[in-house]
Amino acid sequence: MRAPHDGLVRVRFAPSPTGYLHIGGLRTALYCYLFARSRGGQLVLRIEDTDRSRFLSDAEEDVVASLAWAGLSVDESPVKAGPFAPYRQSERTNQYLRHTVRLLHRGHAYYAFDTPEELDAMRKDGTFTYNAAGRIHMTNEFTLGSKELGRRLTSGEPYVVRLKTPEDRMVRFHDIIRGEVSVEASTLDDQVLLKSDGMPTYHLANVVDDHLMNITHVIRGEEWLPSTPKHILLYEAFGWEPPNMAHLPLIMSPTGGKLSKRNAEKQGIPVLVRAYRDLGFEPEAVINFLALLGWNPGTEEEVFGLADLVDAFTLDRVGASGAQFSLDKLRWFNQQHLRRLAAEDLLARVRSSIHAHGITVSDAYLMRVLDLLRERIVLAGSVATEYGYFFADPSAYDEKGVRKRWKDDSAGLLTAYADRLELLDPFDEEALESALRTLAGEQEVGAGRIIHPVRLATSGSTFGPSLFGMLAVLGRDVCVRRLQRAVQVLGR
RNA sequence: GCCGCGUUCGUCUAGGGGUCUAGGACGCCGGCCUUUCACGCCGGUAACACGGGUUCAAAUCCCGUACGCGGUACCA
């Protein structure tokens with residue numbers, strides 16, 4: 001089955017605005033993007049807002065913002081317009097109506113009047129399927145008679161339109177990732193196409209729009225695989241050539257199972273794209289991680305920028321089995337990407353997260369801090385949280401550290417060191433170190449006897465970057481003040 | 001229940017009949033470096049779900065079983 005539009009590849013990402021963009025949704029969008037771009041094709045963002053009861057008004061905005069944050073550009077979207085506008089399904093209802101009528105005329109669809117309650121009751125015993133065998137027991141075009149049908153239709157009684165599933169045949173299609181997939185038509189439901197509120201279901205809207213928008217490749221999550229045969233039937237009913245299909249494996253939680261919001265957050269894994277942004281993750285790292293979750297380049301290369309991914313990506317290297325999300329690995333990718341940033345870019349990234357924490361510092365100072373921290377930060381957002389002592393005096397001293405490092409002679413040694421710092425010139429790394437070592441020599445103690453308490457006093461912590469580099473950045477006044485304060489607080 | 005899709009180290013994966021005593025990465029463990037914690041470097045742990053075929057030969061092909069996941073809505 002070849003798509004009709006030779007040459008130009010057109011892919012669509014079609015989220016439903018029922019919530020903010022999920023990390024799994026971003027992965028689908030990414031694969032759509034990578035495939036489209038790697039083939040010199042186009043990417044369309046289409047909003048599938050046909051469920052009015054679950055509609056969330058700012059979800060679309062979040063999708064657009066999240067894609068932009070991730071660096072995934074689209075060629076056509078509700079906010080960008082294009083030759084196939086509108087791109088919100090709620091604004092295309094006339095199309096769905098028109099096509100439903102077409103199906104009705106051709107005998108591929110029919111009117112049905114069963115209420116949700118009646119349907120529930122039928123399904124209670126578990127064996128009911130609304131198909132060729134089941135529909136003769138229901139209230140519809142086939143069981144009502146033309147007079148009653150006409151009456152109900154003209155009197156405005158609520159109805160749905162269902163697809164008339166063929167009785168006994170195999171429905172087959174080729175999936176780029178899974179190969180040939182086939183299912184017996186009798187196991188399929190007479191899918192509702194048009195709901196009683198006049199809106200189309202996903203199935204109808206999706207098929208109609210993909211066709212009308214010249215989509216050549218449908219790339220979506222595996223959860224759609226079971227309903228694809230119904231879509232194939234719809235394409236046939238319309239007399240259209242189906243697009244190429246590719247069903248992506250699902251992202252699973254670290255304990256297996258769907259990476260649902262509840263499931264994931266219980267394990268400390270954010271699911272919303274905006275949460276990764278707020279936590280200070282690098283968009284390229286998130287993208288890199290997501291790309292390798294289900295796809296691999298066939299080489300041992302792992303760190304990719306978006307452009308590299310576009311160059312390397314092919315759909316035939318996408319795996320078929322679900323992959324568990326791993327925060328550890330994401331953090332590793334984040335660190336890799338952080339390191340590749342030019343100094344100014346790193347500064348900009350950290351500056352924005354620092355501002356978000358209400359801290360103000362000069363770029364010059366922050367740059368010096370970053371020189372010290374560059375190799376150790378995993379997350380831009382962690383500079384403000386884990387290395388807060390560069391911006392404010394420590395509010396507490398690590399308890400375990402105090403027990404281990406604060407000795408009887410600490411107060412005396414620190415006081416002596418503080419005195420020397422007052423006079424130190426120049427106040428730089430080298431001078432700081434030699435002053436400390438000189439003091440240690442005079443007092444006949446190991447340098448560590450001073451180094452550790454000094455770190456504790458100036459940072460509140462037992463670990464961190466090179467001590468003397470840190471003191472130099474902090475500056476004379478801050479160092480002296482913190483040393484004296486620690487002597488006061490920790491005493492002896 | 002029924003339908004569909006999957007199954008290589010704990011995790012992401014390479015491999016697609018002989019080159020597999022199964023490779024890489026994350027994690028974990030050890031060592032080196034070091035004032036600390038990281039980084040870096042060196043080393044280690046650890047996998048072909050099971051059972052039948054096919055074949056001279058199977059992680060690779062076929063069938064079955066088990067397990068996992070998805071679907072089974074007037075949700076997408």
# chains A, B, ... in the order shown; residues from 1 in each chain; ligands from 1
>>> interface_residues(of="chain A", to="chain B", cutoff="8 Å", atoms="only C-alpha atoms (C1' of nucleotides)", output="ChimeraX atom specification")
/A:16,51,116,126,160,183,187,192,194-196,202,222-227,257-258,292-293,296,298,300,302,320-324,326,328-329,332,375-376,447-448,451-452,462-465,467
>>> select_by_dssp(residues="segment 113-232 of chain A", states="alpha helix (DSSP H)", output="ChimeraX atom specification")
/A:116-123,141-144,146-154,202-212,228-232
>>> write_last_selection(atoms="C-alpha atoms", output="compact mmCIF listing (two decimals), in the first residue's frame")
# COMPACT_ATOMS: atom_id res chain seq x y z
CA PRO A 116 -25.37 4.47 26.65
CA GLU A 117 -27.31 2.66 29.36
CA GLU A 118 -28.60 0.07 26.92
CA LEU A 119 -25.12 -0.46 25.59
CA ASP A 120 -23.73 -0.92 29.06
CA ALA A 121 -26.37 -3.49 29.80
CA MET A 122 -25.56 -5.43 26.65
CA ARG A 123 -21.90 -5.47 27.50
CA GLU A 141 -31.50 1.43 10.99
CA PHE A 142 -31.66 -2.32 10.44
CA THR A 143 -34.09 -3.14 13.20
CA LEU A 144 -36.36 -0.11 13.17
CA SER A 146 -37.88 2.89 7.45
CA LYS A 147 -40.99 4.59 8.80
CA GLU A 148 -39.82 4.61 12.39
CA LEU A 149 -36.32 5.54 11.30
CA GLY A 150 -37.68 8.53 9.41
CA ARG A 151 -39.79 9.55 12.36
CA ARG A 152 -36.91 9.44 14.81
CA LEU A 153 -34.63 11.33 12.50
CA THR A 154 -37.09 14.13 11.79
CA TYR A 202 -11.25 10.14 16.84
CA HIS A 203 -11.50 7.39 14.28
CA LEU A 204 -13.53 9.32 11.74
CA ALA A 205 -11.87 12.68 12.23
CA ASN A 206 -8.45 11.16 12.09
CA VAL A 207 -8.99 9.31 8.84
CA VAL A 208 -10.76 12.20 7.15
CA ASP A 209 -8.13 14.72 8.18
CA ASP A 210 -5.15 12.55 7.36
CA HIS A 211 -6.57 12.11 3.90
CA LEU A 212 -7.59 15.72 3.40
CA THR A 228 -5.94 0.67 12.96
CA PRO A 229 -7.95 -2.10 11.24
CA LYS A 230 -11.04 0.04 11.74
CA HIS A 231 -9.22 2.92 10.12
CA ILE A 232 -8.23 0.72 7.22
>>> closest_residue(among="A:His217, A:Arg102, A:Arg492, A:Lys80", to="Leu413 of chain A", atoms="only C-alpha atoms")
A:Arg492
>>> residues_around(residues="G17 of chain B", least_positions_apart="2", cutoff="12 Å", atoms="only C-alpha atoms (C1' of nucleotides)", output="PDB file with all heavy atoms, in the first residue's frame")
ATOM      1  P     G B  15      21.390  -4.289  15.011  1.00  0.00           P
ATOM      2  OP1   G B  15      21.524  -3.676  13.697  1.00  0.00           O
ATOM      3  OP2   G B  15      20.059  -4.465  15.611  1.00  0.00           O
ATOM      4  O5'   G B  15      22.062  -5.716  14.966  1.00  0.00           O
ATOM      5  C5'   G B  15      23.444  -5.836  14.616  1.00  0.00           C
ATOM      6  C4'   G B  15      23.955  -7.168  15.137  1.00  0.00           C
ATOM      7  O4'   G B  15      23.725  -7.236  16.545  1.00  0.00           O
ATOM      8  C3'   G B  15      23.175  -8.293  14.475  1.00  0.00           C
ATOM      9  O3'   G B  15      24.002  -9.198  13.762  1.00  0.00           O
ATOM     10  C2'   G B  15      22.492  -9.020  15.617  1.00  0.00           C
ATOM     11  O2'   G B  15      22.659 -10.401  15.619  1.00  0.00           O
ATOM     12  C1'   G B  15      23.215  -8.498  16.869  1.00  0.00           C
ATOM     13  N9    G B  15      22.195  -8.449  17.906  1.00  0.00           N
ATOM     14  C8    G B  15      21.092  -7.667  18.003  1.00  0.00           C
ATOM     15  N7    G B  15      20.305  -7.999  19.002  1.00  0.00           N
ATOM     16  C5    G B  15      20.938  -9.070  19.596  1.00  0.00           C
ATOM     17  C6    G B  15      20.559  -9.884  20.707  1.00  0.00           C
ATOM     18  O6    G B  15      19.559  -9.805  21.403  1.00  0.00           O
ATOM     19  N1    G B  15      21.484 -10.859  20.977  1.00  0.00           N
ATOM     20  C2    G B  15      22.648 -11.053  20.261  1.00  0.00           C
ATOM     21  N2    G B  15      23.429 -12.042  20.669  1.00  0.00           N
ATOM     22  N3    G B  15      23.019 -10.317  19.219  1.00  0.00           N
ATOM     23  C4    G B  15      22.113  -9.361  18.941  1.00  0.00           C
ATOM     24  P     U B  54      13.244 -31.785  13.116  1.00  0.00           P
ATOM     25  OP1   U B  54      12.857 -32.986  12.356  1.00  0.00           O
ATOM     26  OP2   U B  54      14.324 -31.854  14.126  1.00  0.00           O
ATOM     27  O5'   U B  54      13.566 -30.621  12.075  1.00  0.00           O
ATOM     28  C5'   U B  54      12.573 -30.227  11.125  1.00  0.00           C
ATOM     29  C4'   U B  54      13.035 -28.993  10.397  1.00  0.00           C
ATOM     30  O4'   U B  54      12.932 -27.847  11.281  1.00  0.00           O
ATOM     31  C3'   U B  54      14.500 -29.008   9.998  1.00  0.00           C
ATOM     32  O3'   U B  54      14.686 -29.731   8.791  1.00  0.00           O
ATOM     33  C2'   U B  54      14.783 -27.513   9.824  1.00  0.00           C
ATOM     34  O2'   U B  54      14.293 -27.028   8.604  1.00  0.00           O
ATOM     35  C1'   U B  54      13.970 -26.929  10.981  1.00  0.00           C
ATOM     36  N1    U B  54      14.782 -26.735  12.200  1.00  0.00           N
ATOM     37  C2    U B  54      15.577 -25.604  12.272  1.00  0.00           C
ATOM     38  O2    U B  54      15.615 -24.774  11.383  1.00  0.00           O
ATOM     39  N3    U B  54      16.328 -25.484  13.419  1.00  0.00           N
ATOM     40  C4    U B  54      16.361 -26.362  14.473  1.00  0.00           C
ATOM     41  O4    U B  54      17.093 -26.127  15.426  1.00  0.00           O
ATOM     42  C5    U B  54      15.520 -27.516  14.324  1.00  0.00           C
ATOM     43  C6    U B  54      14.782 -27.666  13.223  1.00  0.00           C
ATOM     44  P     U B  55      15.828 -30.858   8.730  1.00  0.00           P
ATOM     45  OP1   U B  55      15.720 -31.493   7.403  1.00  0.00           O
ATOM     46  OP2   U B  55      15.791 -31.671   9.977  1.00  0.00           O
ATOM     47  O5'   U B  55      17.159 -29.980   8.760  1.00  0.00           O
ATOM     48  C5'   U B  55      17.415 -29.033   7.720  1.00  0.00           C
ATOM     49  C4'   U B  55      18.601 -28.188   8.100  1.00  0.00           C
ATOM     50  O4'   U B  55      18.260 -27.358   9.250  1.00  0.00           O
ATOM     51  C3'   U B  55      19.807 -28.974   8.596  1.00  0.00           C
ATOM     52  O3'   U B  55      20.568 -29.490   7.518  1.00  0.00           O
ATOM     53  C2'   U B  55      20.564 -27.899   9.370  1.00  0.00           C
ATOM     54  O2'   U B  55      21.271 -27.034   8.516  1.00  0.00           O
ATOM     55  C1'   U B  55      19.411 -27.136  10.036  1.00  0.00           C
ATOM     56  N1    U B  55      19.158 -27.590  11.414  1.00  0.00           N
ATOM     57  C2    U B  55      19.782 -26.912  12.446  1.00  0.00           C
ATOM     58  O2    U B  55      20.506 -25.946  12.264  1.00  0.00           O
ATOM     59  N3    U B  55      19.552 -27.408  13.696  1.00  0.00           N
ATOM     60  C4    U B  55      18.784 -28.495  14.023  1.00  0.00           C
ATOM     61  O4    U B  55      18.681 -28.835  15.205  1.00  0.00           O
ATOM     62  C5    U B  55      18.154 -29.150  12.911  1.00  0.00           C
ATOM     63  C6    U B  55      18.365 -28.684  11.668  1.00  0.00           C
ATOM     64  P     C B  56      21.193 -30.957   7.686  1.00  0.00           P
ATOM     65  OP1   C B  56      21.785 -31.272   6.355  1.00  0.00           O
ATOM     66  OP2   C B  56      20.199 -31.867   8.315  1.00  0.00           O
ATOM     67  O5'   C B  56      22.387 -30.739   8.718  1.00  0.00           O
ATOM     68  C5'   C B  56      22.990 -31.860   9.359  1.00  0.00           C
ATOM     69  C4'   C B  56      24.229 -31.391  10.089  1.00  0.00           C
ATOM     70  O4'   C B  56      25.189 -30.884   9.105  1.00  0.00           O
ATOM     71  C3'   C B  56      24.019 -30.217  11.017  1.00  0.00           C
ATOM     72  O3'   C B  56      23.564 -30.631  12.290  1.00  0.00           O
ATOM     73  C2'   C B  56      25.423 -29.621  11.098  1.00  0.00           C
ATOM     74  O2'   C B  56      26.259 -30.352  11.960  1.00  0.00           O
ATOM     75  C1'   C B  56      25.899 -29.788   9.652  1.00  0.00           C
ATOM     76  N1    C B  56      25.635 -28.600   8.824  1.00  0.00           N
ATOM     77  C2    C B  56      26.448 -27.464   9.021  1.00  0.00           C
ATOM     78  O2    C B  56      27.324 -27.511   9.890  1.00  0.00           O
ATOM     79  N3    C B  56      26.249 -26.381   8.270  1.00  0.00           N
ATOM     80  C4    C B  56      25.280 -26.383   7.344  1.00  0.00           C
ATOM     81  N4    C B  56      25.120 -25.278   6.628  1.00  0.00           N
ATOM     82  C5    C B  56      24.444 -27.511   7.126  1.00  0.00           C
ATOM     83  C6    C B  56      24.655 -28.595   7.878  1.00  0.00           C
ATOM     84  P     A B  57      22.433 -29.835  13.033  1.00  0.00           P
ATOM     85  OP1   A B  57      22.186 -30.456  14.347  1.00  0.00           O
ATOM     86  OP2   A B  57      21.317 -29.629  12.080  1.00  0.00           O
ATOM     87  O5'   A B  57      23.160 -28.419  13.277  1.00  0.00           O
ATOM     88  C5'   A B  57      24.138 -28.316  14.326  1.00  0.00           C
ATOM     89  C4'   A B  57      24.722 -26.933  14.335  1.00  0.00           C
ATOM     90  O4'   A B  57      25.246 -26.636  13.020  1.00  0.00           O
ATOM     91  C3'   A B  57      23.730 -25.805  14.597  1.00  0.00           C
ATOM     92  O3'   A B  57      23.542 -25.619  15.987  1.00  0.00           O
ATOM     93  C2'   A B  57      24.450 -24.610  13.978  1.00  0.00           C
ATOM     94  O2'   A B  57      25.447 -24.096  14.833  1.00  0.00           O
ATOM     95  C1'   A B  57      25.107 -25.251  12.758  1.00  0.00           C
ATOM     96  N9    A B  57      24.313 -25.092  11.546  1.00  0.00           N
ATOM     97  C8    A B  57      23.511 -26.008  10.925  1.00  0.00           C
ATOM     98  N7    A B  57      22.925 -25.567   9.839  1.00  0.00           N
ATOM     99  C5    A B  57      23.367 -24.265   9.736  1.00  0.00           C
ATOM    100  C6    A B  57      23.115 -23.247   8.804  1.00  0.00           C
ATOM    101  N6    A B  57      22.327 -23.405   7.742  1.00  0.00           N
ATOM    102  N1    A B  57      23.717 -22.060   8.992  1.00  0.00           N
ATOM    103  C2    A B  57      24.520 -21.911  10.044  1.00  0.00           C
ATOM    104  N3    A B  57      24.854 -22.777  10.999  1.00  0.00           N
ATOM    105  C4    A B  57      24.230 -23.952  10.776  1.00  0.00           C
ATOM    106  P     A B  58      22.104 -25.255  16.582  1.00  0.00           P
ATOM    107  OP1   A B  58      21.927 -26.001  17.818  1.00  0.00           O
ATOM    108  OP2   A B  58      21.075 -25.463  15.541  1.00  0.00           O
ATOM    109  O5'   A B  58      22.161 -23.737  16.905  1.00  0.00           O
ATOM    110  C5'   A B  58      22.962 -22.642  16.728  1.00  0.00           C
ATOM    111  C4'   A B  58      22.019 -21.510  16.958  1.00  0.00           C
ATOM    112  O4'   A B  58      21.287 -21.346  15.741  1.00  0.00           O
ATOM    113  C3'   A B  58      21.030 -21.831  18.079  1.00  0.00           C
ATOM    114  O3'   A B  58      21.258 -21.105  19.252  1.00  0.00           O
ATOM    115  C2'   A B  58      19.644 -21.608  17.478  1.00  0.00           C
ATOM    116  O2'   A B  58      18.999 -20.528  18.101  1.00  0.00           O
ATOM    117  C1'   A B  58      19.918 -21.168  16.052  1.00  0.00           C
ATOM    118  N9    A B  58      19.070 -21.775  15.022  1.00  0.00           N
ATOM    119  C8    A B  58      18.523 -23.006  14.947  1.00  0.00           C
ATOM    120  N7    A B  58      17.790 -23.200  13.881  1.00  0.00           N
ATOM    121  C5    A B  58      17.873 -21.980  13.203  1.00  0.00           C
ATOM    122  C6    A B  58      17.329 -21.519  11.992  1.00  0.00           C
ATOM    123  N6    A B  58      16.550 -22.258  11.223  1.00  0.00           N
ATOM    124  N1    A B  58      17.612 -20.265  11.623  1.00  0.00           N
ATOM    125  C2    A B  58      18.386 -19.531  12.403  1.00  0.00           C
ATOM    126  N3    A B  58      18.958 -19.855  13.555  1.00  0.00           N
ATOM    127  C4    A B  58      18.657 -21.109  13.897  1.00  0.00           C
ATOM    128  P     A B  59      21.887 -20.389  20.208  1.00  0.00           P
ATOM    129  OP1   A B  59      23.300 -20.179  19.911  1.00  0.00           O
ATOM    130  OP2   A B  59      21.465 -21.332  21.245  1.00  0.00           O
ATOM    131  O5'   A B  59      21.257 -18.938  20.507  1.00  0.00           O
ATOM    132  C5'   A B  59      20.248 -18.773  21.481  1.00  0.00           C
ATOM    133  C4'   A B  59      19.521 -17.481  21.271  1.00  0.00           C
ATOM    134  O4'   A B  59      20.455 -16.379  21.451  1.00  0.00           O
ATOM    135  C3'   A B  59      18.961 -17.312  19.858  1.00  0.00           C
ATOM    136  O3'   A B  59      17.639 -17.782  19.821  1.00  0.00           O
ATOM    137  C2'   A B  59      19.016 -15.806  19.651  1.00  0.00           C
ATOM    138  O2'   A B  59      17.906 -15.150  20.214  1.00  0.00           O
ATOM    139  C1'   A B  59      20.269 -15.416  20.441  1.00  0.00           C
ATOM    140  N9    A B  59      21.470 -15.372  19.629  1.00  0.00           N
ATOM    141  C8    A B  59      22.552 -16.218  19.680  1.00  0.00           C
ATOM    142  N7    A B  59      23.489 -15.910  18.825  1.00  0.00           N
ATOM    143  C5    A B  59      23.003 -14.796  18.165  1.00  0.00           C
ATOM    144  C6    A B  59      23.525 -13.996  17.138  1.00  0.00           C
ATOM    145  N6    A B  59      24.716 -14.210  16.578  1.00  0.00           N
ATOM    146  N1    A B  59      22.784 -12.953  16.702  1.00  0.00           N
ATOM    147  C2    A B  59      21.590 -12.753  17.263  1.00  0.00           C
ATOM    148  N3    A B  59      20.989 -13.435  18.238  1.00  0.00           N
ATOM    149  C4    A B  59      21.754 -14.450  18.659  1.00  0.00           C
ATOM    150  P     U B  60      16.891 -18.042  18.467  1.00  0.00           P
ATOM    151  OP1   U B  60      15.548 -18.516  18.793  1.00  0.00           O
ATOM    152  OP2   U B  60      17.728 -18.811  17.491  1.00  0.00           O
ATOM    153  O5'   U B  60      16.786 -16.532  17.989  1.00  0.00           O
ATOM    154  C5'   U B  60      16.075 -16.134  16.840  1.00  0.00           C
ATOM    155  C4'   U B  60      16.949 -15.269  15.964  1.00  0.00           C
ATOM    156  O4'   U B  60      18.325 -15.378  16.345  1.00  0.00           O
ATOM    157  C3'   U B  60      16.843 -15.653  14.485  1.00  0.00           C
ATOM    158  O3'   U B  60      16.261 -14.576  13.777  1.00  0.00           O
ATOM    159  C2'   U B  60      18.268 -15.936  14.050  1.00  0.00           C
ATOM    160  O2'   U B  60      18.574 -15.296  12.844  1.00  0.00           O
ATOM    161  C1'   U B  60      19.109 -15.326  15.181  1.00  0.00           C
ATOM    162  N1    U B  60      20.372 -16.019  15.417  1.00  0.00           N
ATOM    163  C2    U B  60      21.486 -15.531  14.747  1.00  0.00           C
ATOM    164  O2    U B  60      21.429 -14.592  13.967  1.00  0.00           O
ATOM    165  N3    U B  60      22.649 -16.192  15.009  1.00  0.00           N
ATOM    166  C4    U B  60      22.821 -17.260  15.868  1.00  0.00           C
ATOM    167  O4    U B  60      23.928 -17.740  16.009  1.00  0.00           O
ATOM    168  C5    U B  60      21.615 -17.702  16.520  1.00  0.00           C
ATOM    169  C6    U B  60      20.467 -17.075  16.268  1.00  0.00           C
ATOM    170  P     C B  61      14.631 -14.528  13.766  1.00  0.00           P
ATOM    171  OP1   C B  61      14.300 -13.284  13.040  1.00  0.00           O
ATOM    172  OP2   C B  61      14.064 -14.768  15.099  1.00  0.00           O
ATOM    173  O5'   C B  61      14.265 -15.781  12.846  1.00  0.00           O
ATOM    174  C5'   C B  61      14.206 -15.653  11.440  1.00  0.00           C
ATOM    175  C4'   C B  61      13.639 -16.924  10.851  1.00  0.00           C
ATOM    176  O4'   C B  61      14.630 -17.986  10.974  1.00  0.00           O
ATOM    177  C3'   C B  61      12.420 -17.464  11.594  1.00  0.00           C
ATOM    178  O3'   C B  61      11.229 -16.834  11.162  1.00  0.00           O
ATOM    179  C2'   C B  61      12.461 -18.929  11.205  1.00  0.00           C
ATOM    180  O2'   C B  61      11.981 -19.143   9.904  1.00  0.00           O
ATOM    181  C1'   C B  61      13.968 -19.213  11.245  1.00  0.00           C
ATOM    182  N1    C B  61      14.438 -19.737  12.539  1.00  0.00           N
ATOM    183  C2    C B  61      14.070 -21.033  12.915  1.00  0.00           C
ATOM    184  O2    C B  61      13.349 -21.693  12.158  1.00  0.00           O
ATOM    185  N3    C B  61      14.507 -21.533  14.092  1.00  0.00           N
ATOM    186  C4    C B  61      15.280 -20.782  14.882  1.00  0.00           C
ATOM    187  N4    C B  61      15.691 -21.315  16.030  1.00  0.00           N
ATOM    188  C5    C B  61      15.671 -19.452  14.528  1.00  0.00           C
ATOM    189  C6    C B  61      15.226 -18.974  13.357  1.00  0.00           C
TER     190        C B  61
END
>>> residues_around(residues="Arg349 of chain A", least_positions_apart="3", cutoff="10 Å", atoms="only C-alpha atoms (C1' of nucleotides)", output="list of chain:residue names")
A:Gly280, A:Phe281, A:Glu282, A:Leu338, A:Leu341, A:Ala343, A:Glu344, A:Asp345, A:Leu346, A:Ser352, A:Ser353, A:Ile354, A:Leu379, A:Ala380, A:Gly381
>>> select_by_dssp(residues="segment 125-291 of chain A", states="strand (DSSP E)", output="PyMOL selection string")
chain A and resi 160-163+170-175+179-184+192-194+217-221+244-248+251-252
>>> write_last_selection(atoms="C-alpha atoms", output="PDB file, in the first residue's frame")
ATOM      1  CA  VAL A 160     -25.053   8.170  16.431  1.00  0.00           C
ATOM      2  CA  VAL A 161     -23.683   6.995  13.115  1.00  0.00           C
ATOM      3  CA  ARG A 162     -21.759   3.739  13.165  1.00  0.00           C
ATOM      4  CA  LEU A 163     -19.427   2.095  10.719  1.00  0.00           C
ATOM      5  CA  MET A 170      -9.406 -10.488   7.330  1.00  0.00           C
ATOM      6  CA  VAL A 171      -8.322  -6.897   7.568  1.00  0.00           C
ATOM      7  CA  ARG A 172      -4.624  -6.555   6.863  1.00  0.00           C
ATOM      8  CA  PHE A 173      -2.177  -3.740   6.799  1.00  0.00           C
ATOM      9  CA  HIS A 174       1.539  -3.203   6.822  1.00  0.00           C
ATOM     10  CA  ASP A 175       3.122  -1.493   9.778  1.00  0.00           C
ATOM     11  CA  GLY A 179       5.411  -5.777   9.610  1.00  0.00           C
ATOM     12  CA  GLU A 180       2.154  -7.379   8.507  1.00  0.00           C
ATOM     13  CA  VAL A 181      -0.677  -7.107  10.989  1.00  0.00           C
ATOM     14  CA  SER A 182      -3.988  -8.796  10.420  1.00  0.00           C
ATOM     15  CA  VAL A 183      -7.196  -9.159  12.359  1.00  0.00           C
ATOM     16  CA  GLU A 184     -10.532 -10.822  11.713  1.00  0.00           C
ATOM     17  CA  VAL A 192     -19.233   5.047  16.378  1.00  0.00           C
ATOM     18  CA  LEU A 193     -18.212   7.628  13.785  1.00  0.00           C
ATOM     19  CA  LEU A 194     -20.447  10.525  14.648  1.00  0.00           C
ATOM     20  CA  HIS A 217       2.884   8.658   7.191  1.00  0.00           C
ATOM     21  CA  VAL A 218       0.900   8.086  10.338  1.00  0.00           C
ATOM     22  CA  ILE A 219       3.385   7.794  13.184  1.00  0.00           C
ATOM     23  CA  ARG A 220       1.723   7.337  16.546  1.00  0.00           C
ATOM     24  CA  GLY A 221       1.784   5.332  19.763  1.00  0.00           C
ATOM     25  CA  ASN A 244       1.875   4.383   5.645  1.00  0.00           C
ATOM     26  CA  MET A 245       1.563   3.297   9.253  1.00  0.00           C
ATOM     27  CA  ALA A 246       4.161   3.182  11.997  1.00  0.00           C
ATOM     28  CA  HIS A 247       3.164   2.346  15.567  1.00  0.00           C
ATOM     29  CA  LEU A 248       5.750   3.353  18.120  1.00  0.00           C
ATOM     30  CA  ILE A 251       7.298   4.284  27.127  1.00  0.00           C
ATOM     31  CA  MET A 252       6.861   2.411  30.348  1.00  0.00           C
TER      32      MET A 252
END
>>> residues_around(residues="Leu483 of chain A", least_positions_apart="4", cutoff="12 Å", atoms="only C-alpha atoms (C1' of nucleotides)", output="number ranges by chain")
A: 393-394, 410-422, 450-451, 453-460, 471, 476-479, 487-491
>>> residues_around(residues="Leu370 of chain A", least_positions_apart="2", cutoff="9 Å", atoms="only C-alpha atoms (C1' of nucleotides)", output="number ranges by chain")
A: 343, 346-347, 350, 365-368, 372-375, 383
>>> write_last_selection(atoms="N, CA, C and O atoms", output="tab-separated table (two decimals), in the first residue's frame")
chain	number	residue	atom	x	y	z
A	343	ALA	N	30.63	28.47	27.26
A	343	ALA	CA	30.54	29.12	28.56
A	343	ALA	C	29.38	30.12	28.65
A	343	ALA	O	28.64	30.15	29.63
A	346	LEU	N	26.04	28.27	28.84
A	346	LEU	CA	25.84	27.69	30.16
A	346	LEU	C	25.43	28.78	31.14
A	346	LEU	O	24.51	28.61	31.94
A	347	LEU	N	26.11	29.91	31.04
A	347	LEU	CA	25.80	31.04	31.91
A	347	LEU	C	24.33	31.43	31.76
A	347	LEU	O	23.61	31.60	32.74
A	350	VAL	N	22.00	28.79	33.39
A	350	VAL	CA	22.00	28.81	34.84
A	350	VAL	C	21.38	30.10	35.36
A	350	VAL	O	20.64	30.10	36.33
A	365	TYR	N	30.32	37.40	38.29
A	365	TYR	CA	30.44	36.52	39.45
A	365	TYR	C	29.97	35.11	39.10
A	365	TYR	O	30.64	34.12	39.38
A	366	LEU	N	28.81	35.06	38.43
A	366	LEU	CA	28.26	33.75	38.08
A	366	LEU	C	29.21	32.98	37.17
A	366	LEU	O	29.37	31.77	37.28
A	367	MET	N	29.88	33.71	36.30
A	367	MET	CA	30.81	33.07	35.39
A	367	MET	C	31.94	32.43	36.17
A	367	MET	O	32.39	31.32	35.84
A	368	ARG	N	32.40	33.10	37.21
A	368	ARG	CA	33.48	32.53	38.02
A	368	ARG	C	33.00	31.29	38.76
A	368	ARG	O	33.73	30.31	38.90
A	372	LEU	N	34.15	27.00	38.18
A	372	LEU	CA	34.45	26.05	39.24
A	372	LEU	C	33.56	24.82	39.17
A	372	LEU	O	33.97	23.70	39.47
A	373	LEU	N	32.32	25.05	38.79
A	373	LEU	CA	31.31	24.00	38.85
A	373	LEU	C	31.09	23.23	37.56
A	373	LEU	O	30.46	22.18	37.54
A	374	ARG	N	31.63	23.78	36.50
A	374	ARG	CA	31.32	23.27	35.16
A	374	ARG	C	31.30	21.74	35.03
A	374	ARG	O	30.37	21.16	34.51
A	375	GLU	N	32.33	21.09	35.54
A	375	GLU	CA	32.44	19.65	35.38
A	375	GLU	C	31.54	18.85	36.31
A	375	GLU	O	31.39	17.65	36.15
A	383	VAL	N	22.27	24.43	40.39
A	383	VAL	CA	23.25	25.40	40.88
A	383	VAL	C	22.63	26.21	42.01
A	383	VAL	O	23.24	26.43	43.06
>>> atom_distance(atom1="atom CA of Thr165 of chain A", atom2="atom CA of Ile215 of chain A")
24.5 Å
>>> residues_around(residues="Val64 of chain A", least_positions_apart="4", cutoff="12 Å", atoms="only C-alpha atoms (C1' of nucleotides)", output="list of chain:residue names")
A:Phe13, A:Ala14, A:Pro15, A:Pro17, A:Tyr20, A:Leu21, A:Leu26, A:Ala29, A:Val44, A:Leu45, A:Arg46, A:Ile47, A:Asp58, A:Ala59, A:Glu60, A:Ala68, A:Trp69, A:Ala70, A:Gly71, A:Leu72, A:Ser73, A:Val74, A:Glu76, A:Ser77, A:Pro78, A:Val79, A:Lys80, A:Val273, A:Arg274
